[in-house]
Structures are given as structure tokens and as C-alpha cells.
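Student: Data: model15.tsv, TSV, C-alpha atoms and all ligand atoms.
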```tsv
chain	number	residue	atom	x	y	z
C	7	MET	CA	-47.73	214.80	-82.13
C	8	GLU	CA	-45.45	212.39	-80.31
C	9	LYS	CA	-43.93	209.64	-82.36
C	10	ASN	CA	-44.54	206.49	-80.35
C	11	THR	CA	-46.62	203.85	-82.08
C	12	ARG	CA	-46.55	205.59	-85.49
C	13	LEU	CA	-50.20	204.65	-85.99
C	14	ILE	CA	-53.02	207.14	-86.62
C	15	LEU	CA	-56.59	205.86	-86.50
C	16	ALA	CA	-58.90	207.16	-89.24
C	17	LEU	CA	-62.21	207.13	-87.38
C	18	ASP	CA	-64.77	207.29	-90.18
C	19	VAL	CA	-67.72	205.93	-88.21
C	20	THR	CA	-70.87	208.05	-88.01
C	21	ASP	CA	-72.15	207.15	-84.55
C	22	ARG	CA	-70.94	209.14	-81.54
C	23	ASP	CA	-71.06	206.27	-79.02
C	24	GLU	CA	-69.26	203.93	-81.40
C	25	ALA	CA	-66.61	206.58	-82.03
C	26	ILE	CA	-66.04	207.01	-78.29
C	27	GLN	CA	-65.98	203.26	-77.61
C	28	ILE	CA	-63.44	202.59	-80.35
C	29	SER	CA	-61.28	205.53	-79.26
C	30	GLU	CA	-61.25	204.23	-75.68
C	31	LYS	CA	-60.20	200.78	-76.86
C	32	VAL	CA	-57.40	201.85	-79.20
C	33	ALA	CA	-56.07	204.87	-77.25
C	34	GLY	CA	-52.96	203.00	-76.12
C	35	TYR	CA	-52.05	202.00	-79.65
C	36	VAL	CA	-52.40	205.26	-81.56
C	37	ASP	CA	-50.45	208.53	-81.64
C	38	ALA	CA	-53.47	210.43	-83.01
C	39	ILE	CA	-57.05	210.01	-84.16
C	40	LYS	CA	-57.99	211.42	-87.54
C	41	ILE	CA	-61.59	212.44	-87.92
C	42	GLY	CA	-63.18	213.67	-91.11
C	43	TYR	CA	-66.45	214.78	-92.62
C	44	PRO	CA	-68.34	211.50	-91.98
C	45	LEU	CA	-68.00	211.74	-88.19
C	46	ALA	CA	-68.07	215.55	-87.89
C	47	LEU	CA	-71.16	215.92	-90.09
C	48	ALA	CA	-72.96	213.09	-88.29
C	49	THR	CA	-72.23	214.18	-84.74
C	50	GLY	CA	-71.16	217.83	-84.81
C	51	MET	CA	-67.85	219.52	-84.19
C	52	GLU	CA	-68.01	218.88	-80.45
C	53	ILE	CA	-66.92	215.31	-81.19
C	54	ILE	CA	-63.40	216.72	-81.58
C	55	GLY	CA	-63.29	217.84	-77.96
C	56	GLN	CA	-64.89	214.60	-76.80
C	57	LEU	CA	-62.29	212.44	-78.52
C	58	SER	CA	-59.30	214.63	-77.71
C	59	LYS	CA	-59.06	213.09	-74.25
C	60	TYR	CA	-58.02	209.81	-75.89
C	61	ALA	CA	-55.44	211.14	-78.38
C	62	PRO	CA	-54.50	214.27	-80.32
C	63	ILE	CA	-57.03	214.92	-83.08
C	64	ILE	CA	-56.19	215.54	-86.72
C	65	ALA	CA	-59.14	216.99	-88.64
C	66	ASP	CA	-59.15	215.70	-92.20
C	67	PHE	CA	-61.23	218.41	-93.80
C	68	LYS	CA	-59.00	218.68	-96.88
C	69	VAL	CA	-59.38	222.43	-96.74
C	70	ALA	CA	-59.16	223.91	-100.25
C	71	ASP	CA	-60.14	227.56	-100.45
C	72	ILE	CA	-58.82	231.09	-100.83
C	73	PRO	CA	-56.41	232.23	-98.11
C	74	ASN	CA	-58.96	234.13	-96.02
C	75	THR	CA	-61.44	231.25	-96.02
C	76	ASN	CA	-58.71	228.69	-95.30
C	77	ARG	CA	-57.75	230.74	-92.25
C	78	LEU	CA	-61.36	231.05	-91.08
C	79	ILE	CA	-61.95	227.31	-91.43
C	80	CYS	CA	-58.75	226.37	-89.61
C	81	GLU	CA	-59.56	228.84	-86.82
C	82	GLN	CA	-62.85	227.03	-86.19
C	83	VAL	CA	-61.27	223.60	-86.30
C	84	PHE	CA	-58.52	224.53	-83.84
C	85	LYS	CA	-61.12	226.22	-81.61
C	86	ALA	CA	-63.02	222.92	-81.53
C	87	GLY	CA	-59.91	221.27	-80.09
C	88	ALA	CA	-58.08	219.76	-83.05
C	89	ASP	CA	-54.30	219.63	-82.94
C	90	GLY	CA	-53.86	219.41	-86.68
C	91	VAL	CA	-55.74	220.02	-89.92
C	92	ILE	CA	-55.28	218.39	-93.31
C	93	VAL	CA	-55.42	220.92	-96.15
C	94	GLN	CA	-55.15	220.54	-99.89
C	95	GLY	CA	-52.03	221.82	-101.59
C	96	PHE	CA	-53.38	222.29	-105.10
C	97	THR	CA	-54.92	225.65	-104.18
C	98	GLY	CA	-51.40	227.12	-104.16
C	99	HIS	CA	-48.89	228.82	-101.90
C	100	ASP	CA	-51.01	231.71	-100.59
C	101	SER	CA	-53.88	229.49	-99.44
C	102	LEU	CA	-51.44	227.13	-97.78
C	103	GLU	CA	-49.47	229.95	-96.16
C	104	ALA	CA	-52.64	231.32	-94.57
C	105	ALA	CA	-53.30	227.99	-92.88
C	106	VAL	CA	-49.68	227.45	-91.85
C	107	LYS	CA	-49.34	230.97	-90.41
C	108	LEU	CA	-52.39	230.48	-88.21
C	109	ALA	CA	-51.26	227.02	-87.13
C	110	LYS	CA	-47.83	228.31	-86.12
C	111	GLU	CA	-49.41	231.12	-84.08
C	112	GLN	CA	-51.49	228.52	-82.24
C	113	LYS	CA	-48.77	225.83	-82.06
C	114	LYS	CA	-50.85	223.48	-84.18
C	115	ASP	CA	-50.07	221.38	-87.24
C	116	ILE	CA	-50.97	221.61	-90.91
C	117	PHE	CA	-50.58	218.53	-93.08
C	118	VAL	CA	-50.70	219.06	-96.82
C	119	VAL	CA	-52.21	216.54	-99.23
C	120	THR	CA	-49.76	215.76	-102.04
C	121	GLU	CA	-51.10	212.93	-104.18
C	122	MET	CA	-53.94	210.85	-102.80
C	123	SER	CA	-53.98	207.11	-102.21
C	124	HIS	CA	-56.86	206.04	-104.46
C	125	PRO	CA	-56.51	205.06	-108.17
C	126	GLY	CA	-58.17	208.27	-109.38
C	127	ALA	CA	-55.30	210.28	-107.92
C	128	LEU	CA	-53.36	209.27	-111.03
C	129	ASP	CA	-55.81	211.23	-113.25
C	130	PHE	CA	-54.69	214.69	-112.11
C	131	MET	CA	-53.07	214.76	-108.70
C	132	GLN	CA	-49.93	212.72	-109.21
C	133	GLN	CA	-48.55	215.21	-111.74
C	134	ALA	CA	-48.81	217.96	-109.14
C	135	GLY	CA	-47.71	215.90	-106.14
C	136	GLU	CA	-44.00	216.68	-106.20
C	137	GLY	CA	-44.57	220.42	-106.69
C	138	ILE	CA	-47.02	220.43	-103.81
C	139	ALA	CA	-44.51	218.58	-101.61
C	140	LYS	CA	-41.85	221.20	-102.41
C	141	MET	CA	-44.30	224.01	-101.63
C	142	ALA	CA	-45.20	222.36	-98.29
C	143	ALA	CA	-41.50	222.32	-97.40
C	144	ASP	CA	-40.99	225.93	-98.58
C	145	VAL	CA	-43.80	227.26	-96.37
C	146	LYS	CA	-42.72	225.03	-93.49
C	147	ALA	CA	-45.90	223.04	-93.01
C	148	SER	CA	-45.71	220.36	-90.32
C	149	GLY	CA	-45.98	217.57	-92.82
C	150	VAL	CA	-47.56	216.07	-95.89
C	151	VAL	CA	-50.04	213.30	-96.62
C	152	ALA	CA	-48.66	210.74	-99.09
C	153	PRO	CA	-50.05	207.42	-100.35
C	154	ALA	CA	-49.29	204.12	-98.64
C	155	THR	CA	-50.67	202.47	-101.77
C	156	ARG	CA	-47.56	203.74	-103.64
C	157	PRO	CA	-44.58	203.46	-101.28
C	158	GLU	CA	-42.21	204.45	-104.09
C	159	ARG	CA	-43.97	207.81	-104.25
C	160	VAL	CA	-43.53	208.21	-100.50
C	161	THR	CA	-39.78	207.73	-101.02
C	162	GLU	CA	-39.80	210.37	-103.79
C	163	ILE	CA	-41.75	212.80	-101.64
C	164	ARG	CA	-39.36	212.21	-98.72
C	165	LYS	CA	-36.43	213.18	-100.96
C	166	ILE	CA	-38.20	216.44	-101.84
C	167	ILE	CA	-39.26	217.49	-98.33
C	168	GLY	CA	-36.16	216.31	-96.44
C	169	ASN	CA	-36.39	215.37	-92.78
C	170	GLU	CA	-37.93	218.53	-91.31
C	171	LEU	CA	-41.46	217.65	-92.38
C	172	SER	CA	-43.41	214.55	-91.40
C	173	ILE	CA	-45.17	212.15	-93.73
C	174	ILE	CA	-48.50	210.72	-92.64
C	175	SER	CA	-49.65	207.97	-94.95
C	176	PRO	CA	-53.15	206.57	-95.55
C	177	GLY	CA	-54.01	203.58	-97.71
C	178	VAL	CA	-52.92	200.71	-95.45
C	179	GLY	CA	-55.19	197.67	-95.21
C	180	ALA	CA	-58.53	198.25	-96.96
C	181	GLN	CA	-56.88	200.13	-99.85
C	182	GLY	CA	-54.13	197.51	-100.19
C	183	GLY	CA	-51.07	199.26	-98.74
C	184	SER	CA	-48.74	197.68	-96.17
C	185	ALA	CA	-47.81	199.46	-92.93
C	186	SER	CA	-44.27	198.08	-92.81
C	187	ASP	CA	-43.59	198.81	-96.50
C	188	VAL	CA	-44.61	202.45	-96.26
C	189	ILE	CA	-42.70	203.04	-93.03
C	190	LYS	CA	-39.63	201.53	-94.72
C	191	ALA	CA	-40.31	203.83	-97.70
C	192	GLY	CA	-40.04	206.91	-95.48
C	193	ALA	CA	-43.40	207.55	-93.80
C	194	ASP	CA	-43.44	208.66	-90.17
C	195	TRP	CA	-46.99	207.53	-89.45
C	196	VAL	CA	-49.51	205.24	-91.11
C	197	ILE	CA	-53.18	206.18	-91.12
C	198	VAL	CA	-55.54	203.21	-90.86
C	199	GLY	CA	-59.32	203.27	-90.86
C	200	ARG	CA	-61.51	200.36	-91.87
C	201	SER	CA	-59.03	197.61	-90.92
C	202	ILE	CA	-59.32	198.86	-87.35
C	203	TYR	CA	-62.79	200.33	-86.84
C	204	GLN	CA	-64.58	197.56	-88.75
C	205	SER	CA	-62.76	194.85	-86.80
C	206	ASP	CA	-64.57	192.94	-84.04
C	207	GLU	CA	-61.54	193.71	-81.88
C	208	PRO	CA	-60.28	197.19	-82.89
C	209	ASP	CA	-57.63	197.20	-80.15
C	210	MET	CA	-56.16	193.92	-81.34
C	211	ALA	CA	-56.26	195.07	-84.97
C	212	ALA	CA	-54.40	198.24	-83.98
C	213	LYS	CA	-51.88	196.26	-81.92
C	214	LYS	CA	-51.15	194.01	-84.88
C	215	ILE	CA	-50.29	197.02	-87.05
C	216	VAL	CA	-48.14	198.56	-84.31
C	217	ASP	CA	-46.25	195.28	-83.92
C	218	GLU	CA	-45.73	195.08	-87.67
C	219	ILE	CA	-44.29	198.62	-87.69
C	220	LYS	CA	-42.01	197.86	-84.71
C	221	GLU	CA	-40.38	195.07	-86.69
C	222	VAL	CA	-39.09	197.48	-89.34
C	223	ILE	CA	-37.94	200.49	-87.28
G	301	LIG	P1	-59.11	203.43	-94.76
G	301	LIG	O1	-60.44	202.96	-94.30
G	301	LIG	O2	-58.92	203.30	-96.24
G	301	LIG	O3	-59.12	205.00	-94.43
G	301	LIG	O4	-57.95	202.86	-94.00
G	301	LIG	C1	-58.19	205.91	-94.92
G	301	LIG	C2	-58.51	207.27	-94.41
G	301	LIG	O5	-57.61	208.22	-94.93
G	301	LIG	C3	-58.30	209.12	-95.78
G	301	LIG	N1	-57.50	209.15	-96.98
G	301	LIG	C4	-56.75	210.18	-97.35
G	301	LIG	N2	-56.59	211.38	-96.83
G	301	LIG	N3	-55.01	211.87	-98.52
G	301	LIG	C5	-55.72	212.24	-97.44
G	301	LIG	O6	-55.56	213.38	-96.99
G	301	LIG	C6	-55.14	210.68	-99.07
G	301	LIG	O7	-54.47	210.34	-100.05
G	301	LIG	C7	-56.06	209.79	-98.48
G	301	LIG	N4	-56.40	208.54	-98.78
G	301	LIG	C8	-57.29	208.17	-97.81
G	301	LIG	C9	-59.68	208.58	-96.02
G	301	LIG	O8	-60.61	209.62	-96.16
G	301	LIG	C10	-59.88	207.79	-94.76
G	301	LIG	O9	-60.28	208.63	-93.70
```
Using C-alpha cells, write down the structure that the file contains.
Tutor:
Amino acid sequence: MEKNTRLILALDVTDRDEAIQISEKVAGYVDAIKIGYPLALATGMEIIGQLSKYAPIIADFKVADIPNTNRLICEQVFKAGADGVIVQGFTGHDSLEAAVKLAKEQKKDIFVVTEMSHPGALDFMQQAGEGIAKMAADVKASGVVAPATRPERVTEIRKIIGNELSIISPGVGAQGGSASDVIKAGADWVIVGRSIYQSDEPDMAAKKIVDEIKEVI
């Protein structure tokens, strides 16, 4: 993924035409489009190929299974045209390694969830977040997902993973995080959904975030 605007759109709409229209509008402002279960379940996996002409696609399927199943899932997602897949880290090193090995063979990316951005992540995930970040670095994943709602945790995670891995960071806007704060804290990309796709002018909403990021880099 090329690092230009440092913005990734989280496209959690459930209508194919709307997804395509928004992607067309924001294509110039985003480095990637993240799609997840809402859009894939509503429209089918072929949406990945349809949107990939606008930007690289990251499939946020938070894959969390045994190694063999992780590999089978990632194979299907890459076959559909995705450039990257988000997988969970809590399943442990062998499950993660299976996904990373496949991704490397296919020159694709695996991003590993550390601690999530919502309040409930403090119940269980935060305690494991630093260990998961270290494991992601050890197995040489492409990057990790870390919470824009807690920029101080992004800084901690950056210290653990060093500069070889990327940090993609959701939680900006609707969940309360700030794009400029989390970029300053060490994130490479911010992931933004509702603040863009629910806007009357998604392109202008995306531009505003890109301009905000430009001011701090
Ligand atoms: P909003 O609408 O809140 O969308 O801007 C955020 C998007 O990111 C996903 N999300 C996460 N994905 N780890 C992840 O892997 C996280 O901590 C996390 N928090 C939010 C969310 O599903 C939506 O697509």
C-alpha cells in the first residue's frame, strides 16, 4: 500500500451501488478501502474486485481460527482481489504465521489486531495487546491495527514493533479519536468510516481529514 494520503476508508455500507458511488468519489483521497462483513455479506465477495479499481482493498474479516483454516480463509480473500487481510492476534503465533506465510507467497499484506478501539477492548484485549504486537513483529506481519481512541497505546505499540511494521488505526471521528493526534502518536494510516460514508459529501469529508493529517506530518 502506498503511503500518500494516509487515509483508509472503512466502507461499511450494505448497498453495492452506494459502495461504488462513494468509492468513486473518495478514490483520490484514500490509500486503501477497507471492507468488512457488512458489505461482503450484503453484496458478495465480488464486491472486492469491483472496488479494487478505485483503491487497494483491505478485507477486515478479523480472521481468528486454527492455522489451516486461517490459511484457507486468506486464500479465498486474496483470490477475490484483496491486497490485505486483517486477522486477530489472540489466536496465537501458529495461526498468525499461517496467514503471514501465505500473504508473503502472494505479495499481500496481513494486519494484526492488537487491542481494539471500542471501550469493551479494555475488558480483555488490552492486557494482551502488547504481547500480540510483539508477536506480529516476530512473525514479520505487514502491520498491526491499533486504536485511534487511545493514541498513547499507539505510541506504546510503536515502541514494541519498531519501524518495520505499519500501524493502521481505526476510531477516528464517530468513535471520538482524532486523525492528527493518532498520526502524531505513531500511526501510519487512519481508518475512517462513518464520518466519511455518512456525510452528504464523502469526498469533502475525506479531504478534510487528509488536510488535517498533512498539517502534522
Ligand atoms: P468508524 O465508522 O467507527 O469505522 O469510523 C471504523 C471501522 O474500523 C473497524 N474497527 C476496527 N477494526 N480493530 C479493527 O481491526 C479495531 O480496533 C477496530 N475498531 C474499529 C470497524 O469495524 C469499522 O469498520
Student: Please find the residues contacting ligand LIG 301 (chain G) at a distance of at most 9 Å between atoms, with all atoms listed in the file counted, and report them as an NGL selection string.
Tutor: :C and (15-18 or 40-44 or 66-68 or 92-94 or 117-124 or 127 or 150-155 or 174-182 or 197-204)
Student: Create the file for the chosen residues now, containing C-alpha atoms and written as a PDB file, in the coordinates of the input.
Tutor:
```
ATOM      1  CA  LEU C  15     -56.590 205.860 -86.500  1.00  0.00           C
ATOM      2  CA  ALA C  16     -58.900 207.160 -89.240  1.00  0.00           C
ATOM      3  CA  LEU C  17     -62.210 207.130 -87.380  1.00  0.00           C
ATOM      4  CA  ASP C  18     -64.770 207.290 -90.180  1.00  0.00           C
ATOM      5  CA  LYS C  40     -57.990 211.420 -87.540  1.00  0.00           C
ATOM      6  CA  ILE C  41     -61.590 212.440 -87.920  1.00  0.00           C
ATOM      7  CA  GLY C  42     -63.180 213.670 -91.110  1.00  0.00           C
ATOM      8  CA  TYR C  43     -66.450 214.780 -92.620  1.00  0.00           C
ATOM      9  CA  PRO C  44     -68.340 211.500 -91.980  1.00  0.00           C
ATOM     10  CA  ASP C  66     -59.150 215.700 -92.200  1.00  0.00           C
ATOM     11  CA  PHE C  67     -61.230 218.410 -93.800  1.00  0.00           C
ATOM     12  CA  LYS C  68     -59.000 218.680 -96.880  1.00  0.00           C
ATOM     13  CA  ILE C  92     -55.280 218.390 -93.310  1.00  0.00           C
ATOM     14  CA  VAL C  93     -55.420 220.920 -96.150  1.00  0.00           C
ATOM     15  CA  GLN C  94     -55.150 220.540 -99.890  1.00  0.00           C
ATOM     16  CA  PHE C 117     -50.580 218.530 -93.080  1.00  0.00           C
ATOM     17  CA  VAL C 118     -50.700 219.060 -96.820  1.00  0.00           C
ATOM     18  CA  VAL C 119     -52.210 216.540 -99.230  1.00  0.00           C
ATOM     19  CA  THR C 120     -49.760 215.760-102.040  1.00  0.00           C
ATOM     20  CA  GLU C 121     -51.100 212.930-104.180  1.00  0.00           C
ATOM     21  CA  MET C 122     -53.940 210.850-102.800  1.00  0.00           C
ATOM     22  CA  SER C 123     -53.980 207.110-102.210  1.00  0.00           C
ATOM     23  CA  HIS C 124     -56.860 206.040-104.460  1.00  0.00           C
ATOM     24  CA  ALA C 127     -55.300 210.280-107.920  1.00  0.00           C
ATOM     25  CA  VAL C 150     -47.560 216.070 -95.890  1.00  0.00           C
ATOM     26  CA  VAL C 151     -50.040 213.300 -96.620  1.00  0.00           C
ATOM     27  CA  ALA C 152     -48.660 210.740 -99.090  1.00  0.00           C
ATOM     28  CA  PRO C 153     -50.050 207.420-100.350  1.00  0.00           C
ATOM     29  CA  ALA C 154     -49.290 204.120 -98.640  1.00  0.00           C
ATOM     30  CA  THR C 155     -50.670 202.470-101.770  1.00  0.00           C
ATOM     31  CA  ILE C 174     -48.500 210.720 -92.640  1.00  0.00           C
ATOM     32  CA  SER C 175     -49.650 207.970 -94.950  1.00  0.00           C
ATOM     33  CA  PRO C 176     -53.150 206.570 -95.550  1.00  0.00           C
ATOM     34  CA  GLY C 177     -54.010 203.580 -97.710  1.00  0.00           C
ATOM     35  CA  VAL C 178     -52.920 200.710 -95.450  1.00  0.00           C
ATOM     36  CA  GLY C 179     -55.190 197.670 -95.210  1.00  0.00           C
ATOM     37  CA  ALA C 180     -58.530 198.250 -96.960  1.00  0.00           C
ATOM     38  CA  GLN C 181     -56.880 200.130 -99.850  1.00  0.00           C
ATOM     39  CA  GLY C 182     -54.130 197.510-100.190  1.00  0.00           C
ATOM     40  CA  ILE C 197     -53.180 206.180 -91.120  1.00  0.00           C
ATOM     41  CA  VAL C 198     -55.540 203.210 -90.860  1.00  0.00           C
ATOM     42  CA  GLY C 199     -59.320 203.270 -90.860  1.00  0.00           C
ATOM     43  CA  ARG C 200     -61.510 200.360 -91.870  1.00  0.00           C
ATOM     44  CA  SER C 201     -59.030 197.610 -90.920  1.00  0.00           C
ATOM     45  CA  ILE C 202     -59.320 198.860 -87.350  1.00  0.00           C
ATOM     46  CA  TYR C 203     -62.790 200.330 -86.840  1.00  0.00           C
ATOM     47  CA  GLN C 204     -64.580 197.560 -88.750  1.00  0.00           C
TER      48      GLN C 204
END
```
Student: Atom CA of Gly87 of chain C and atom CA of Asp115 of chain C, how far apart in Å?
Tutor: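 The value is 12.2 Å.
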Student: Can you pull out every residue within 10 Å of Arg22 of chain C, counting only C-alpha atoms, but drop anything in the same chain fewer than 6 positions away, and send it as a ChimeraX atom specification?
Tutor: /C:45-46,48-50,53,56-57
Student: Put those residues in a file: C-alpha atoms, as a PDB file, keeping the file's coordinate frame.
Tutor:
```pdb
ATOM      1  CA  LEU C  45     -68.000 211.740 -88.190  1.00  0.00           C
ATOM      2  CA  ALA C  46     -68.070 215.550 -87.890  1.00  0.00           C
ATOM      3  CA  ALA C  48     -72.960 213.090 -88.290  1.00  0.00           C
ATOM      4  CA  THR C  49     -72.230 214.180 -84.740  1.00  0.00           C
ATOM      5  CA  GLY C  50     -71.160 217.830 -84.810  1.00  0.00           C
ATOM      6  CA  ILE C  53     -66.920 215.310 -81.190  1.00  0.00           C
ATOM      7  CA  GLN C  56     -64.890 214.600 -76.800  1.00  0.00           C
ATOM      8  CA  LEU C  57     -62.290 212.440 -78.520  1.00  0.00           C
TER       9      LEU C  57
END
```
Student: Calculated over all atoms listed in the file, which of the candidates C:Gln82, C:Arg164, C:Val145, C:Gly98 has the smallest distance to Lys110 of chain C?
Tutor: C:Val145
Student: Could you work out how far atom CA of Pro157 of chain C lies from atom CA of Gly183 of chain C, giving the answer in Å with one decimal?
Tutor: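 Atom CA of Pro157 of chain C lies 8.1 Å from atom CA of Gly183 of chain C.
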Student: For Met7 of chain C, which residue out of C:Gly126, C:Gly149, C:Gly137, C:Pro208 is the nearest one, using only C-alpha atoms?
Tutor: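 Residue with the minimum atom-to-atom distance to Met7 of chain C: C:Gly149.
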Student: May I ask which of the residues C:Ile28, C:Ala147, C:Val36, C:Ile64 is the closest one to Lys214 of chain C, counting all atoms listed in the file?
Tutor: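 With all atoms listed in the file as the atom set, the closest residue is C:Val36.
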Student: Just need segment 97-134 of chain C in a file, please: C-alpha atoms, as a PDB file, in the first residue's frame.
Tutor:
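Once written, part_35.pdb looks like this:
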```pdb
ATOM      1  CA  THR C  97      -5.299 -16.998  18.403  1.00  0.00           C
ATOM      2  CA  GLY C  98      -1.509 -17.200  18.769  1.00  0.00           C
ATOM      3  CA  HIS C  99       1.680 -17.477  16.747  1.00  0.00           C
ATOM      4  CA  ASP C 100       0.873 -20.556  14.634  1.00  0.00           C
ATOM      5  CA  SER C 101      -2.447 -19.198  13.374  1.00  0.00           C
ATOM      6  CA  LEU C 102      -0.829 -15.880  12.562  1.00  0.00           C
ATOM      7  CA  GLU C 103       2.173 -17.494  10.894  1.00  0.00           C
ATOM      8  CA  ALA C 104      -0.105 -19.456   8.567  1.00  0.00           C
ATOM      9  CA  ALA C 105      -1.711 -16.237   7.340  1.00  0.00           C
ATOM     10  CA  VAL C 106       1.575 -14.347   7.064  1.00  0.00           C
ATOM     11  CA  LYS C 107       3.293 -17.177   5.165  1.00  0.00           C
ATOM     12  CA  LEU C 108       0.530 -17.260   2.570  1.00  0.00           C
ATOM     13  CA  ALA C 109       0.483 -13.468   2.277  1.00  0.00           C
ATOM     14  CA  LYS C 110       4.233 -13.335   1.697  1.00  0.00           C
ATOM     15  CA  GLU C 111       3.985 -16.005  -1.020  1.00  0.00           C
ATOM     16  CA  GLN C 112       1.341 -13.897  -2.755  1.00  0.00           C
ATOM     17  CA  LYS C 113       2.934 -10.491  -2.016  1.00  0.00           C
ATOM     18  CA  LYS C 114      -0.061  -9.450   0.051  1.00  0.00           C
ATOM     19  CA  ASP C 115      -0.423  -7.907   3.496  1.00  0.00           C
ATOM     20  CA  ILE C 116      -1.580  -9.191   6.864  1.00  0.00           C
ATOM     21  CA  PHE C 117      -2.546  -6.674   9.527  1.00  0.00           C
ATOM     22  CA  VAL C 118      -2.885  -7.999  13.053  1.00  0.00           C
ATOM     23  CA  VAL C 119      -5.443  -6.673  15.534  1.00  0.00           C
ATOM     24  CA  THR C 120      -3.753  -5.752  18.820  1.00  0.00           C
ATOM     25  CA  GLU C 121      -6.233  -4.028  21.111  1.00  0.00           C
ATOM     26  CA  MET C 122      -9.458  -2.738  19.606  1.00  0.00           C
ATOM     27  CA  SER C 123     -10.747   0.820  19.625  1.00  0.00           C
ATOM     28  CA  HIS C 124     -14.050   0.397  21.472  1.00  0.00           C
ATOM     29  CA  PRO C 125     -14.483   0.625  25.291  1.00  0.00           C
ATOM     30  CA  GLY C 126     -15.030  -3.131  25.657  1.00  0.00           C
ATOM     31  CA  ALA C 127     -11.488  -3.738  24.428  1.00  0.00           C
ATOM     32  CA  LEU C 128     -10.390  -2.838  27.951  1.00  0.00           C
ATOM     33  CA  ASP C 129     -12.219  -5.904  29.362  1.00  0.00           C
ATOM     34  CA  PHE C 130      -9.832  -8.488  27.899  1.00  0.00           C
ATOM     35  CA  MET C 131      -7.925  -7.308  24.858  1.00  0.00           C
ATOM     36  CA  GLN C 132      -5.780  -4.519  26.239  1.00  0.00           C
ATOM     37  CA  GLN C 133      -3.901  -6.898  28.541  1.00  0.00           C
ATOM     38  CA  ALA C 134      -2.884  -8.968  25.526  1.00  0.00           C
TER      39      ALA C 134
END
```
